[in-house]
$ cat work.cif   # mmCIF, C-alpha atoms
data_data
loop_
_atom_site.label_atom_id
_atom_site.label_comp_id
_atom_site.auth_asym_id
_atom_site.auth_seq_id
_atom_site.Cartn_x
_atom_site.Cartn_y
_atom_site.Cartn_z
CA GLY A 1 -2.03 -4.56 10.16
CA GLN A 2 0.75 -6.85 11.23
CA GLN A 3 -0.69 -9.85 13.07
CA VAL A 4 2.37 -12.05 13.33
CA MET A 5 4.92 -10.56 15.68
CA GLN A 6 8.46 -11.82 15.26
CA ILE A 7 11.10 -11.16 17.89
CA PRO A 8 13.81 -10.15 18.20
CA GLN A 9 14.25 -7.86 15.21
CA TYR A 10 18.05 -8.22 15.32
CA GLN A 11 20.44 -10.57 17.08
CA HIS A 12 24.22 -10.51 17.25
CA VAL A 13 25.90 -13.66 18.53
CA GLN A 14 29.39 -15.04 18.79
CA GLU A 15 30.02 -18.08 16.67
CA GLY A 16 29.14 -21.14 18.73
CA GLU A 17 26.39 -19.44 20.72
CA ASP A 18 22.76 -20.47 20.39
CA PHE A 19 20.07 -18.35 18.75
CA THR A 20 16.28 -18.34 18.96
CA THR A 21 13.63 -16.35 17.10
CA TYR A 22 9.96 -16.36 18.03
CA CYS A 23 6.75 -15.77 16.10
CA ASN A 24 3.48 -14.96 17.85
CA SER A 25 0.15 -14.74 16.08
CA SER A 26 -3.01 -13.04 17.30
CA THR A 27 -5.08 -15.69 15.53
CA THR A 28 -4.96 -19.46 15.22
CA LEU A 29 -2.88 -20.72 12.34
CA SER A 30 -3.42 -23.79 10.20
CA ASN A 31 0.30 -23.98 9.53
CA ILE A 32 3.47 -21.95 9.83
CA GLN A 33 6.44 -21.84 7.52
CA TRP A 34 9.99 -20.65 8.06
CA TYR A 35 12.21 -19.08 5.43
CA LYS A 36 15.83 -17.93 5.41
CA GLN A 37 17.11 -15.02 3.37
CA ARG A 38 20.86 -14.53 3.02
CA PRO A 39 22.11 -10.95 2.60
CA GLY A 40 21.40 -9.87 -0.98
CA GLY A 41 19.49 -13.06 -1.65
CA HIS A 42 15.92 -14.26 -1.80
CA PRO A 43 13.80 -16.10 0.78
CA VAL A 44 14.37 -19.85 0.77
CA PHE A 45 11.90 -22.26 2.33
CA LEU A 46 13.18 -24.10 5.39
CA ILE A 47 10.26 -25.99 6.85
CA GLN A 48 6.51 -26.13 7.44
CA LEU A 49 4.82 -27.06 10.71
CA VAL A 50 1.21 -28.19 10.72
CA LYS A 51 0.38 -30.08 13.91
CA SER A 52 -0.21 -28.66 17.36
CA GLY A 53 2.94 -29.07 19.46
CA GLU A 54 4.97 -30.24 16.47
CA VAL A 55 8.77 -30.24 16.73
CA LYS A 56 11.01 -30.74 13.73
CA LYS A 57 14.79 -30.75 13.49
CA GLN A 58 17.14 -30.03 10.63
CA LYS A 59 20.69 -30.63 11.83
CA ARG A 60 21.36 -27.70 14.21
CA LEU A 61 17.94 -26.10 13.62
CA THR A 62 14.94 -26.96 15.79
CA PHE A 63 11.45 -25.72 14.88
CA GLN A 64 8.46 -25.77 17.22
CA PHE A 65 4.76 -25.06 16.74
CA GLY A 66 2.84 -24.16 19.88
CA GLU A 67 0.04 -26.24 21.34
CA ALA A 68 -2.50 -23.52 20.54
CA LYS A 69 -1.08 -23.10 17.02
CA LYS A 70 -0.52 -19.41 17.64
CA ASN A 71 3.21 -19.33 18.17
CA SER A 72 6.35 -20.88 16.81
CA SER A 73 10.08 -20.76 17.35
CA LEU A 74 13.28 -21.48 15.49
CA HIS A 75 16.31 -22.40 17.56
CA ILE A 76 19.82 -22.71 16.16
CA THR A 77 22.36 -24.58 18.26
CA ALA A 78 26.00 -23.54 18.07
CA THR A 79 25.68 -20.90 15.37
CA GLN A 80 28.08 -20.77 12.45
CA THR A 81 28.89 -17.91 10.09
CA THR A 82 26.85 -19.69 7.45
CA ASP A 83 23.75 -19.06 9.58
CA VAL A 84 23.94 -15.32 8.88
CA GLY A 85 20.78 -13.94 7.31
CA THR A 86 17.20 -12.99 8.04
CA TYR A 87 14.75 -15.62 9.23
CA PHE A 88 11.09 -15.12 8.42
CA CYS A 89 8.03 -16.92 9.66
CA ALA A 90 4.81 -16.98 7.62
CA GLY A 91 1.58 -18.20 9.15
CA ARG A 92 -1.48 -19.39 7.25
CA ARG A 93 -4.64 -18.25 9.01
CA ALA A 94 -7.07 -20.98 10.00
CA GLY A 95 -10.72 -20.72 9.03
CA ASN A 96 -12.36 -19.04 6.06
CA ASN A 97 -9.85 -16.23 5.56
CA ARG A 98 -6.76 -18.33 4.87
CA LYS A 99 -4.46 -15.41 4.35
CA LEU A 100 -0.70 -15.92 4.65
CA ILE A 101 0.77 -13.48 7.16
CA TRP A 102 4.48 -12.77 7.22
CA GLY A 103 6.53 -11.82 10.23
CA LEU A 104 8.97 -8.94 9.76
CA GLY A 105 11.95 -11.22 10.19
CA THR A 106 14.86 -11.60 12.59
CA SER A 107 18.26 -10.61 11.24
CA LEU A 108 21.06 -12.75 12.62
CA ALA A 109 24.68 -11.64 12.61
CA VAL A 110 27.40 -14.08 13.71
CA ASN A 111 30.81 -12.87 14.80
CA PRO A 112 33.56 -15.39 13.99
CA ASN B 113 14.45 -26.88 -13.84
CA ALA B 114 15.33 -23.19 -13.65
CA GLY B 115 12.69 -22.66 -10.95
CA VAL B 116 11.50 -19.05 -10.74
CA THR B 117 13.32 -16.53 -12.89
CA GLN B 118 13.03 -12.76 -12.81
CA THR B 119 14.30 -10.07 -15.14
CA PRO B 120 15.83 -7.58 -14.91
CA LYS B 121 17.99 -7.97 -11.78
CA PHE B 122 18.50 -4.23 -11.45
CA GLN B 123 16.60 -1.28 -12.87
CA VAL B 124 16.73 2.49 -12.46
CA LEU B 125 13.71 4.51 -13.56
CA LYS B 126 12.79 8.15 -13.57
CA THR B 127 9.57 9.28 -11.94
CA GLY B 128 6.67 8.78 -14.32
CA GLN B 129 8.26 6.09 -16.43
CA SER B 130 6.56 2.75 -16.87
CA MET B 131 8.10 -0.67 -17.02
CA THR B 132 7.35 -4.37 -16.71
CA LEU B 133 9.08 -6.75 -14.34
CA GLN B 134 9.16 -10.23 -15.77
CA CYS B 135 8.60 -13.45 -13.82
CA ALA B 136 8.52 -16.99 -15.14
CA GLN B 137 8.41 -20.43 -13.55
CA ASP B 138 8.87 -23.86 -15.07
CA MET B 139 7.39 -25.95 -12.25
CA ASN B 140 3.81 -25.86 -13.58
CA HIS B 141 2.70 -24.06 -10.41
CA GLU B 142 -0.81 -22.67 -10.38
CA TYR B 143 -0.22 -20.04 -7.72
CA MET B 144 2.06 -17.06 -8.36
CA SER B 145 2.53 -13.86 -6.43
CA TRP B 146 4.48 -10.62 -6.33
CA TYR B 147 5.98 -9.18 -3.16
CA ARG B 148 7.91 -6.06 -2.40
CA GLN B 149 10.49 -5.95 0.34
CA ASP B 150 11.49 -2.73 2.07
CA PRO B 151 13.76 -2.33 5.10
CA GLY B 152 11.84 -2.97 8.29
CA MET B 153 8.64 -3.80 6.40
CA GLY B 154 9.14 -7.48 5.67
CA LEU B 155 7.47 -8.98 2.61
CA ARG B 156 4.27 -7.33 1.43
CA LEU B 157 1.98 -8.95 -1.11
CA ILE B 158 1.24 -6.80 -4.17
CA HIS B 159 -0.83 -9.07 -6.44
CA TYR B 160 -1.34 -12.77 -6.82
CA SER B 161 -2.80 -15.27 -9.25
CA VAL B 162 -4.36 -18.67 -8.66
CA GLY B 163 -4.17 -19.69 -12.29
CA ALA B 164 -4.07 -18.47 -15.86
CA GLY B 165 -6.60 -15.70 -16.40
CA ILE B 166 -7.20 -15.14 -12.67
CA THR B 167 -5.55 -12.38 -10.65
CA ASP B 168 -6.35 -10.60 -7.41
CA GLN B 169 -5.00 -7.79 -5.27
CA GLY B 170 -2.78 -8.21 -2.28
CA GLU B 171 -2.22 -5.69 0.49
CA VAL B 172 -0.31 -3.04 -1.51
CA PRO B 173 -1.67 -3.13 -5.10
CA ASN B 174 -1.84 0.58 -5.91
CA GLY B 175 0.38 1.61 -8.81
CA TYR B 176 0.83 -1.92 -10.10
CA ASN B 177 -0.95 -4.09 -12.65
CA VAL B 178 -0.63 -7.79 -13.37
CA SER B 179 -1.90 -10.28 -15.90
CA ARG B 180 -1.64 -14.06 -16.18
CA SER B 181 -2.11 -15.23 -19.75
CA THR B 182 -0.13 -18.45 -19.25
CA THR B 183 0.67 -20.71 -16.32
CA GLU B 184 4.36 -19.92 -16.66
CA ASP B 185 4.43 -16.12 -16.79
CA PHE B 186 3.28 -13.45 -14.35
CA PRO B 187 4.54 -9.98 -15.28
CA LEU B 188 4.22 -6.98 -12.97
CA ARG B 189 3.65 -3.58 -14.57
CA LEU B 190 4.48 -0.26 -12.99
CA LEU B 191 2.18 2.23 -14.65
CA SER B 192 3.86 5.49 -13.64
CA ALA B 193 6.85 4.93 -11.39
CA ALA B 194 7.15 6.90 -8.16
CA PRO B 195 10.07 7.13 -5.70
CA SER B 196 7.89 5.26 -3.17
CA GLN B 197 8.14 2.23 -5.46
CA THR B 198 11.87 1.98 -4.90
CA SER B 199 12.16 -1.51 -3.48
CA VAL B 200 13.22 -5.09 -4.05
CA TYR B 201 10.56 -7.08 -5.88
CA PHE B 202 10.22 -10.82 -5.52
CA CYS B 203 8.09 -13.18 -7.54
CA ALA B 204 7.08 -16.47 -5.95
CA SER B 205 5.19 -19.57 -7.00
CA ARG B 206 3.72 -22.66 -5.39
CA GLY B 207 1.58 -25.61 -6.32
CA TRP B 208 -1.94 -26.22 -5.02
CA THR B 209 -1.03 -29.10 -2.75
CA THR B 210 1.65 -27.31 -0.78
CA ASP B 211 2.22 -24.00 0.96
CA THR B 212 5.92 -24.03 0.10
CA GLN B 213 6.74 -20.94 -1.92
CA TYR B 214 9.66 -20.75 -4.32
CA PHE B 215 11.05 -17.27 -4.75
CA GLY B 216 12.85 -15.77 -7.70
CA PRO B 217 16.17 -13.93 -7.25
CA GLY B 218 14.49 -10.53 -7.13
CA THR B 219 14.56 -7.25 -9.04
CA ARG B 220 16.16 -4.27 -7.34
CA LEU B 221 14.32 -1.17 -8.54
CA THR B 222 15.29 2.43 -7.92
CA VAL B 223 12.99 5.27 -8.94
CA LEU B 224 14.61 8.68 -9.08
#

$ encode --input "work.cif" --output "structure tokens"
Amino acid sequence: GQQVMQIPQYQHVQEGEDFTTYCNSSTTLSNIQWYKQRPGGHPVFLIQLVKSGEVKKQKRLTFQFGEAKKNSSLHITATQTTDVGTYFCAGRRAGNNRKLIWGLGTSLAVNP
Amino acid sequence: NAGVTQTPKFQVLKTGQSMTLQCAQDMNHEYMSWYRQDPGMGLRLIHYSVGAGITDQGEVPNGYNVSRSTTEDFPLRLLSAAPSQTSVYFCASRGWTTDTQYFGPGTRLTVL
């Protein structure tokens, strides 16, 4: 069953507001990736986090990997209409069973 | 590089028909996989391959077959289409040294 919980499922914001989506795993992860899927499009890789407590930034996007390597977040500062889409996390299990587990995604709508 | 290509983009089948979804990549990636995406279900792994001649089942393999005769191509066969197979199908590839997956544009399949 689903072992990476992603919240919220949907988020509506006004342009200029901030947005955050969270991924929580029941097991320790060796890494976590984030993907963005525009409406009608395909998932596109954004970033990978590997180290405990890692923080990476891409312009207005800030990605964090928790100290225990079980949770992660994506924060968008001052959203724009170009940020519209669904954001997925995908965690690679640590240990022998290195399965990739996908979150169900957070759909972001931005009102101009 | 064209990246990952998929054909067809759209397909309508009748129940019981068979068809093959094509996937090709020109990045010399060893690892290829097929996902289906349904509303509220995220991305679910159907089959994957770690190299030519090697395939394995994902979490939802029933009703689908794959083969990997070359590094470049990874076709997905629907043996006898059912309405439950109505979905968007994505092919993805990655190299051994990275977890970054590159997705194709998808095939939107409707089974009547």

$ resolve_selection --input "work.cif" --expression "the PyMOL selection byres ((chain B and resi 176) around 12)" --output "PyMOL selection string"
chain B and resi 130-133+146-148+157-160+168-175+177-179+187-194+197+201

$ interface_residues --input "work.cif" --of "chain A" --to "chain B" --cutoff "12 Å" --atoms "only C-alpha atoms" --output "PyMOL selection string"
chain A and resi 1-2+4-6+9-10+30-50+86-92+98-107

$ write_last_selection --input "work.cif" --atoms "C-alpha atoms" --output "PDB file, keeping the file's coordinate frame"
ATOM      1  CA  GLY A   1      -2.030  -4.560  10.160  1.00  0.00           C
ATOM      2  CA  GLN A   2       0.750  -6.850  11.230  1.00  0.00           C
ATOM      3  CA  VAL A   4       2.370 -12.050  13.330  1.00  0.00           C
ATOM      4  CA  MET A   5       4.920 -10.560  15.680  1.00  0.00           C
ATOM      5  CA  GLN A   6       8.460 -11.820  15.260  1.00  0.00           C
ATOM      6  CA  GLN A   9      14.250  -7.860  15.210  1.00  0.00           C
ATOM      7  CA  TYR A  10      18.050  -8.220  15.320  1.00  0.00           C
ATOM      8  CA  SER A  30      -3.420 -23.790  10.200  1.00  0.00           C
ATOM      9  CA  ASN A  31       0.300 -23.980   9.530  1.00  0.00           C
ATOM     10  CA  ILE A  32       3.470 -21.950   9.830  1.00  0.00           C
ATOM     11  CA  GLN A  33       6.440 -21.840   7.520  1.00  0.00           C
ATOM     12  CA  TRP A  34       9.990 -20.650   8.060  1.00  0.00           C
ATOM     13  CA  TYR A  35      12.210 -19.080   5.430  1.00  0.00           C
ATOM     14  CA  LYS A  36      15.830 -17.930   5.410  1.00  0.00           C
ATOM     15  CA  GLN A  37      17.110 -15.020   3.370  1.00  0.00           C
ATOM     16  CA  ARG A  38      20.860 -14.530   3.020  1.00  0.00           C
ATOM     17  CA  PRO A  39      22.110 -10.950   2.600  1.00  0.00           C
ATOM     18  CA  GLY A  40      21.400  -9.870  -0.980  1.00  0.00           C
ATOM     19  CA  GLY A  41      19.490 -13.060  -1.650  1.00  0.00           C
ATOM     20  CA  HIS A  42      15.920 -14.260  -1.800  1.00  0.00           C
ATOM     21  CA  PRO A  43      13.800 -16.100   0.780  1.00  0.00           C
ATOM     22  CA  VAL A  44      14.370 -19.850   0.770  1.00  0.00           C
ATOM     23  CA  PHE A  45      11.900 -22.260   2.330  1.00  0.00           C
ATOM     24  CA  LEU A  46      13.180 -24.100   5.390  1.00  0.00           C
ATOM     25  CA  ILE A  47      10.260 -25.990   6.850  1.00  0.00           C
ATOM     26  CA  GLN A  48       6.510 -26.130   7.440  1.00  0.00           C
ATOM     27  CA  LEU A  49       4.820 -27.060  10.710  1.00  0.00           C
ATOM     28  CA  VAL A  50       1.210 -28.190  10.720  1.00  0.00           C
ATOM     29  CA  THR A  86      17.200 -12.990   8.040  1.00  0.00           C
ATOM     30  CA  TYR A  87      14.750 -15.620   9.230  1.00  0.00           C
ATOM     31  CA  PHE A  88      11.090 -15.120   8.420  1.00  0.00           C
ATOM     32  CA  CYS A  89       8.030 -16.920   9.660  1.00  0.00           C
ATOM     33  CA  ALA A  90       4.810 -16.980   7.620  1.00  0.00           C
ATOM     34  CA  GLY A  91       1.580 -18.200   9.150  1.00  0.00           C
ATOM     35  CA  ARG A  92      -1.480 -19.390   7.250  1.00  0.00           C
ATOM     36  CA  ARG A  98      -6.760 -18.330   4.870  1.00  0.00           C
ATOM     37  CA  LYS A  99      -4.460 -15.410   4.350  1.00  0.00           C
ATOM     38  CA  LEU A 100      -0.700 -15.920   4.650  1.00  0.00           C
ATOM     39  CA  ILE A 101       0.770 -13.480   7.160  1.00  0.00           C
ATOM     40  CA  TRP A 102       4.480 -12.770   7.220  1.00  0.00           C
ATOM     41  CA  GLY A 103       6.530 -11.820  10.230  1.00  0.00           C
ATOM     42  CA  LEU A 104       8.970  -8.940   9.760  1.00  0.00           C
ATOM     43  CA  GLY A 105      11.950 -11.220  10.190  1.00  0.00           C
ATOM     44  CA  THR A 106      14.860 -11.600  12.590  1.00  0.00           C
ATOM     45  CA  SER A 107      18.260 -10.610  11.240  1.00  0.00           C
TER      46      SER A 107
END

$ atom_distance --input "work.cif" --atom1 "CA of Asn113 (chain B)" --atom2 "CA of Ser145 (chain B)"
19.1 Å

$ closest_residue --input "work.cif" --among "A:Thr62, A:Thr81, A:Asn97, A:Asn111" --to "Thr20 (chain A)" --atoms "only C-alpha atoms"
A:Thr62

$ atom_distance --input "work.cif" --atom1 "CA of Gln137 (chain B)" --atom2 "CA of Gly115 (chain B)"
5.5 Å

$ atom_distance --input "work.cif" --atom1 "CA of Phe65 (chain A)" --atom2 "CA of Glu15 (chain A)"
26.2 Å

$ resolve_selection --input "work.cif" --expression "the PyMOL selection byres ((chain A and resi 63) around 8)" --output "number ranges by chain"
A: 49, 55-57, 61-62, 64-65, 72-75

$ resolve_selection --input "work.cif" --expression "the PyMOL selection byres ((chain B and resi 127) around 7)" --output "PyMOL selection string"
chain B and resi 125-126+128-129+193-195+223-224

$ residues_around --input "work.cif" --residues "Met139 (chain B)" --least-positions-apart "2" --cutoff "9 Å" --atoms "all atoms listed in the file" --output "CSV table (one decimal) with C-alpha atoms, keeping the file's coordinate frame"
chain,number,residue,atom,x,y,z
B,113,ASN,CA,14.4,-26.9,-13.8
B,114,ALA,CA,15.3,-23.2,-13.6
B,115,GLY,CA,12.7,-22.7,-11.0
B,116,VAL,CA,11.5,-19.0,-10.7
B,137,GLN,CA,8.4,-20.4,-13.6
B,141,HIS,CA,2.7,-24.1,-10.4
B,184,GLU,CA,4.4,-19.9,-16.7
B,205,SER,CA,5.2,-19.6,-7.0
B,206,ARG,CA,3.7,-22.7,-5.4
B,207,GLY,CA,1.6,-25.6,-6.3

$ residues_around --input "work.cif" --residues "Ala78 (chain A)" --least-positions-apart "6" --cutoff "9 Å" --atoms "only C-alpha atoms" --output "MDAnalysis selection string"
chainID A and resid 15:19 60

$ residues_near_point --input "work.cif" --point "(23.7, -16.1, 11.8)" --cutoff "8 Å" --atoms "only C-alpha atoms" --output "ChimeraX atom specification"
/A:12-13,79-85,107-110

$ residues_around --input "work.cif" --residues "Ile7 (chain A)" --least-positions-apart "3" --cutoff "7 Å" --atoms "all atoms listed in the file" --output "list in words"
Thr21, Tyr22, Cys23 and Thr106 of chain A
